[in-house]
Amino acid sequence: MYPELKRLAADGLIREQGEGPRGRRPYEITEDGLKELRQWLVVTAPDHSLRNETILRSFALWLVEPEETREFLSGELEHHRARLRGMRVLKQSLDLASPADRAALLGLEAGIRRLEAMISWAEWAIETVATWPSREEQAST
């Protein structure tokens, strides 16, 4: 994030507002930045390439024992559950009278739904892997 903030500042799209509490450096958007942001929002097509390392790894889990796969999936399940709890807390803190918070709700809801889908997938995957034979059993067939 910090390299991107430096790049945006160097391009004149944001500027530092001085030092904030606890050494934080708040930024504000410039007129040029607002113009660029608006163009990015409505003119530039979104980049739909999304890299999900969990899904990427799932294609290679046949290389490890089913128990290792279940451990990996259980870790992912807990990670997604924790993130979902955090996003739900954040959602509850929104002030829907604020235009910015109403817009934030859109992104938060997308994140919540994606996490719910990943949780459902991980639960299904753990159940599915429980039926897999060990690598040794598989090799003997």
# chains A, B, ... in the order shown; residues from 1 in each chain; ligands from 1
$ select_by_dssp --residues "segment 13-124 of chain A" --states "strand (DSSP E or B)" --output "MDAnalysis selection string"
chainID A and resid 14:16 27:29
$ write_last_selection --atoms "N, CA and C atoms" --output "compact mmCIF listing (two decimals), in the first residue's frame"
# COMPACT_ATOMS: atom_id res chain seq x y z
N ILE A 14 -2.70 12.59 -5.02
CA ILE A 14 -3.01 12.78 -3.60
C ILE A 14 -1.90 13.62 -3.00
N ARG A 15 -2.15 14.16 -1.79
CA ARG A 15 -1.09 14.90 -1.08
C ARG A 15 -1.21 14.59 0.40
N GLU A 16 -0.06 14.59 1.04
CA GLU A 16 -0.01 14.34 2.47
C GLU A 16 -0.61 15.52 3.22
N TYR A 27 -3.73 11.28 3.94
CA TYR A 27 -3.64 11.87 2.60
C TYR A 27 -5.01 12.42 2.22
N GLU A 28 -4.99 13.37 1.31
CA GLU A 28 -6.24 13.85 0.72
C GLU A 28 -6.08 13.80 -0.79
N ILE A 29 -7.20 13.64 -1.45
CA ILE A 29 -7.18 13.55 -2.91
C ILE A 29 -7.12 14.96 -3.49
$ closest_atom_pairs --of "segment 15-74 of chain A" --to "segment 119-137 of chain A" --cutoff "8 Å" --atoms "only C-alpha atoms" --output "JSON lines"
{"residue": "A:Val64", "atom": "CA", "partner": "A:Arg135", "partner_atom": "CA", "distance": 7.5}
{"residue": "A:Glu65", "atom": "CA", "partner": "A:Ser134", "partner_atom": "CA", "distance": 5.9}
{"residue": "A:Pro66", "atom": "CA", "partner": "A:Val129", "partner_atom": "CA", "distance": 6.1}
{"residue": "A:Thr69", "atom": "CA", "partner": "A:Val129", "partner_atom": "CA", "distance": 7.3}
{"residue": "A:Arg70", "atom": "CA", "partner": "A:Ile126", "partner_atom": "CA", "distance": 5.6}
{"residue": "A:Leu73", "atom": "CA", "partner": "A:Ala122", "partner_atom": "CA", "distance": 6.0}
{"residue": "A:Ser74", "atom": "CA", "partner": "A:Ile126", "partner_atom": "CA", "distance": 7.3}
$ select_by_dssp --residues "segment 15-126 of chain A" --states "helix (DSSP H, G or I)" --output "ChimeraX atom specification"
/A:21-23,31-42,53-58,61-63,66-92,99-126
$ write_last_selection --atoms "C-alpha atoms" --output "compact mmCIF listing (two decimals), in the first residue's frame"
# COMPACT_ATOMS: atom_id res chain seq x y z
CA PRO A 21 -2.16 10.51 15.48
CA ARG A 22 0.30 7.69 16.24
CA GLY A 23 2.59 8.80 13.42
CA GLU A 31 -8.49 17.82 -7.99
CA ASP A 32 -6.42 15.89 -10.55
CA GLY A 33 -6.77 12.79 -8.39
CA LEU A 34 -10.54 13.18 -8.18
CA LYS A 35 -10.74 13.61 -11.95
CA GLU A 36 -8.60 10.49 -12.48
CA LEU A 37 -10.61 8.51 -9.92
CA ARG A 38 -13.92 9.41 -11.55
CA GLN A 39 -12.57 8.34 -14.95
CA TRP A 40 -11.28 5.08 -13.49
CA LEU A 41 -14.72 4.42 -11.93
CA VAL A 42 -16.84 4.96 -15.04
CA GLU A 53 -4.00 -18.83 -3.95
CA THR A 54 -6.29 -21.14 -1.97
CA ILE A 55 -8.04 -22.26 -5.14
CA LEU A 56 -4.74 -22.42 -7.02
CA ARG A 57 -3.32 -24.75 -4.36
CA SER A 58 -6.45 -26.90 -4.40
CA LEU A 61 -3.55 -31.09 -3.23
CA TRP A 62 -3.50 -34.56 -4.77
CA LEU A 63 0.27 -34.44 -4.13
CA PRO A 66 -5.62 -36.40 2.63
CA GLU A 67 -4.92 -35.54 6.29
CA GLU A 68 -2.54 -32.75 5.20
CA THR A 69 -5.19 -31.55 2.78
CA ARG A 70 -7.81 -31.49 5.56
CA GLU A 71 -5.42 -29.52 7.80
CA PHE A 72 -4.82 -27.00 5.04
CA LEU A 73 -8.54 -26.66 4.34
CA SER A 74 -9.35 -26.34 8.05
CA GLY A 75 -6.85 -23.50 8.33
CA GLU A 76 -8.43 -21.79 5.35
CA LEU A 77 -11.89 -22.28 6.83
CA GLU A 78 -10.87 -20.62 10.10
CA HIS A 79 -9.14 -17.78 8.23
CA HIS A 80 -12.28 -17.06 6.19
CA ARG A 81 -14.52 -17.27 9.25
CA ALA A 82 -12.34 -14.76 11.12
CA ARG A 83 -12.33 -12.36 8.17
CA LEU A 84 -16.10 -12.71 7.83
CA ARG A 85 -16.58 -11.81 11.50
CA GLY A 86 -14.43 -8.72 11.01
CA MET A 87 -16.29 -7.62 7.91
CA ARG A 88 -19.65 -8.05 9.63
CA VAL A 89 -18.47 -5.87 12.52
CA LEU A 90 -17.29 -3.26 10.04
CA LYS A 91 -20.62 -3.42 8.21
CA GLN A 92 -22.49 -2.75 11.45
CA PRO A 99 -22.70 8.65 0.84
CA ALA A 100 -19.20 7.21 1.32
CA ASP A 101 -20.47 4.58 3.77
CA ARG A 102 -23.35 3.67 1.46
CA ALA A 103 -20.80 3.03 -1.29
CA ALA A 104 -18.57 1.13 1.17
CA LEU A 105 -21.55 -1.12 1.90
CA LEU A 106 -21.45 -2.34 -1.71
CA GLY A 107 -17.85 -3.46 -1.43
CA LEU A 108 -18.29 -4.91 2.05
CA GLU A 109 -21.33 -6.92 0.98
CA ALA A 110 -19.38 -8.32 -1.99
CA GLY A 111 -16.58 -9.31 0.39
CA ILE A 112 -19.03 -10.87 2.84
CA ARG A 113 -20.70 -12.90 0.11
CA ARG A 114 -17.34 -14.04 -1.30
CA LEU A 115 -16.22 -15.14 2.18
CA GLU A 116 -19.51 -16.98 2.76
CA ALA A 117 -18.95 -18.81 -0.53
CA MET A 118 -15.36 -19.71 0.44
CA ILE A 119 -16.57 -20.97 3.83
CA SER A 120 -19.21 -23.13 2.18
CA TRP A 121 -16.64 -24.45 -0.30
CA ALA A 122 -14.09 -25.21 2.45
CA GLU A 123 -16.69 -27.09 4.52
CA TRP A 124 -17.67 -29.11 1.45
CA ALA A 125 -14.03 -29.76 0.54
CA ILE A 126 -13.20 -31.02 4.06
$ atom_distance --atom1 "atom CA of Leu8 of chain A" --atom2 "atom CA of Thr30 of chain A"
10.1 Å
$ atom_distance --atom1 "atom CA of Arg25 of chain A" --atom2 "atom CA of Glu4 of chain A"
13.7 Å
$ atom_distance --atom1 "atom CA of Val43 of chain A" --atom2 "atom CA of Ala97 of chain A"
27.2 Å
$ decode --residues "segment 7-140 of chain A" --atoms "C-alpha atoms" --output "compact mmCIF listing (two decimals), in the first residue's frame"
# COMPACT_ATOMS: atom_id res chain seq x y z
CA ARG A 7 3.32 6.78 -6.51
CA LEU A 8 -0.04 8.55 -6.27
CA ALA A 9 1.60 11.45 -4.42
CA ALA A 10 4.42 11.66 -6.97
CA ASP A 11 1.81 11.75 -9.75
CA GLY A 12 0.01 14.61 -7.99
CA LEU A 13 -3.16 12.59 -7.41
CA ILE A 14 -3.01 12.78 -3.60
CA ARG A 15 -1.09 14.90 -1.08
CA GLU A 16 -0.01 14.34 2.47
CA GLN A 17 -1.92 16.29 5.12
CA GLY A 18 0.89 16.26 7.66
CA GLU A 19 1.31 13.79 10.48
CA GLY A 20 -1.73 12.36 12.21
CA PRO A 21 -2.16 10.51 15.48
CA ARG A 22 0.30 7.69 16.24
CA GLY A 23 2.59 8.80 13.42
CA ARG A 24 0.01 8.10 10.72
CA ARG A 25 0.23 10.09 7.52
CA PRO A 26 -3.22 11.00 6.27
CA TYR A 27 -3.64 11.87 2.60
CA GLU A 28 -6.24 13.85 0.72
CA ILE A 29 -7.18 13.55 -2.91
CA THR A 30 -6.26 16.42 -5.24
CA GLU A 31 -8.49 17.82 -7.99
CA ASP A 32 -6.42 15.89 -10.55
CA GLY A 33 -6.77 12.79 -8.39
CA LEU A 34 -10.54 13.18 -8.18
CA LYS A 35 -10.74 13.61 -11.95
CA GLU A 36 -8.60 10.49 -12.48
CA LEU A 37 -10.61 8.51 -9.92
CA ARG A 38 -13.92 9.41 -11.55
CA GLN A 39 -12.57 8.34 -14.95
CA TRP A 40 -11.28 5.08 -13.49
CA LEU A 41 -14.72 4.42 -11.93
CA VAL A 42 -16.84 4.96 -15.04
CA VAL A 43 -14.60 4.73 -18.11
CA THR A 44 -11.85 2.20 -17.44
CA ALA A 45 -12.96 -1.44 -17.62
CA PRO A 46 -12.32 -3.36 -14.38
CA ASP A 47 -9.45 -5.85 -14.25
CA HIS A 48 -11.26 -9.15 -13.71
CA SER A 49 -8.13 -11.21 -13.21
CA LEU A 50 -8.26 -12.45 -9.65
CA ARG A 51 -5.66 -14.66 -8.09
CA ASN A 52 -6.92 -16.82 -5.26
CA GLU A 53 -4.00 -18.83 -3.95
CA THR A 54 -6.29 -21.14 -1.97
CA ILE A 55 -8.04 -22.26 -5.14
CA LEU A 56 -4.74 -22.42 -7.02
CA ARG A 57 -3.32 -24.75 -4.36
CA SER A 58 -6.45 -26.90 -4.40
CA PHE A 59 -5.51 -28.12 -7.88
CA ALA A 60 -2.28 -29.62 -6.51
CA LEU A 61 -3.55 -31.09 -3.23
CA TRP A 62 -3.50 -34.56 -4.77
CA LEU A 63 0.27 -34.44 -4.13
CA VAL A 64 -0.12 -34.58 -0.33
CA GLU A 65 -1.89 -36.91 2.07
CA PRO A 66 -5.62 -36.40 2.63
CA GLU A 67 -4.92 -35.54 6.29
CA GLU A 68 -2.54 -32.75 5.20
CA THR A 69 -5.19 -31.55 2.78
CA ARG A 70 -7.81 -31.49 5.56
CA GLU A 71 -5.42 -29.52 7.80
CA PHE A 72 -4.82 -27.00 5.04
CA LEU A 73 -8.54 -26.66 4.34
CA SER A 74 -9.35 -26.34 8.05
CA GLY A 75 -6.85 -23.50 8.33
CA GLU A 76 -8.43 -21.79 5.35
CA LEU A 77 -11.89 -22.28 6.83
CA GLU A 78 -10.87 -20.62 10.10
CA HIS A 79 -9.14 -17.78 8.23
CA HIS A 80 -12.28 -17.06 6.19
CA ARG A 81 -14.52 -17.27 9.25
CA ALA A 82 -12.34 -14.76 11.12
CA ARG A 83 -12.33 -12.36 8.17
CA LEU A 84 -16.10 -12.71 7.83
CA ARG A 85 -16.58 -11.81 11.50
CA GLY A 86 -14.43 -8.72 11.01
CA MET A 87 -16.29 -7.62 7.91
CA ARG A 88 -19.65 -8.05 9.63
CA VAL A 89 -18.47 -5.87 12.52
CA LEU A 90 -17.29 -3.26 10.04
CA LYS A 91 -20.62 -3.42 8.21
CA GLN A 92 -22.49 -2.75 11.45
CA SER A 93 -20.37 0.36 12.03
CA LEU A 94 -21.39 2.02 8.76
CA ASP A 95 -23.43 5.21 8.85
CA LEU A 96 -25.79 4.76 5.91
CA ALA A 97 -26.63 8.47 6.00
CA SER A 98 -23.09 8.99 4.64
CA PRO A 99 -22.70 8.65 0.84
CA ALA A 100 -19.20 7.21 1.32
CA ASP A 101 -20.47 4.58 3.77
CA ARG A 102 -23.35 3.67 1.46
CA ALA A 103 -20.80 3.03 -1.29
CA ALA A 104 -18.57 1.13 1.17
CA LEU A 105 -21.55 -1.12 1.90
CA LEU A 106 -21.45 -2.34 -1.71
CA GLY A 107 -17.85 -3.46 -1.43
CA LEU A 108 -18.29 -4.91 2.05
CA GLU A 109 -21.33 -6.92 0.98
CA ALA A 110 -19.38 -8.32 -1.99
CA GLY A 111 -16.58 -9.31 0.39
CA ILE A 112 -19.03 -10.87 2.84
CA ARG A 113 -20.70 -12.90 0.11
CA ARG A 114 -17.34 -14.04 -1.30
CA LEU A 115 -16.22 -15.14 2.18
CA GLU A 116 -19.51 -16.98 2.76
CA ALA A 117 -18.95 -18.81 -0.53
CA MET A 118 -15.36 -19.71 0.44
CA ILE A 119 -16.57 -20.97 3.83
CA SER A 120 -19.21 -23.13 2.18
CA TRP A 121 -16.64 -24.45 -0.30
CA ALA A 122 -14.09 -25.21 2.45
CA GLU A 123 -16.69 -27.09 4.52
CA TRP A 124 -17.67 -29.11 1.45
CA ALA A 125 -14.03 -29.76 0.54
CA ILE A 126 -13.20 -31.02 4.06
CA GLU A 127 -16.13 -33.46 3.88
CA THR A 128 -15.09 -34.57 0.40
CA VAL A 129 -11.44 -35.12 1.31
CA ALA A 130 -12.51 -37.26 4.28
CA THR A 131 -13.57 -39.90 1.71
CA TRP A 132 -10.24 -39.93 -0.13
CA PRO A 133 -7.88 -42.89 0.23
CA SER A 134 -4.34 -42.27 1.44
CA ARG A 135 -1.62 -41.86 -1.17
CA GLU A 136 -0.34 -45.32 -0.23
CA GLU A 137 -3.80 -46.87 -0.68
CA GLN A 138 -4.17 -45.04 -3.98
CA ALA A 139 -0.79 -46.32 -5.22
CA SER A 140 -1.77 -49.93 -4.50
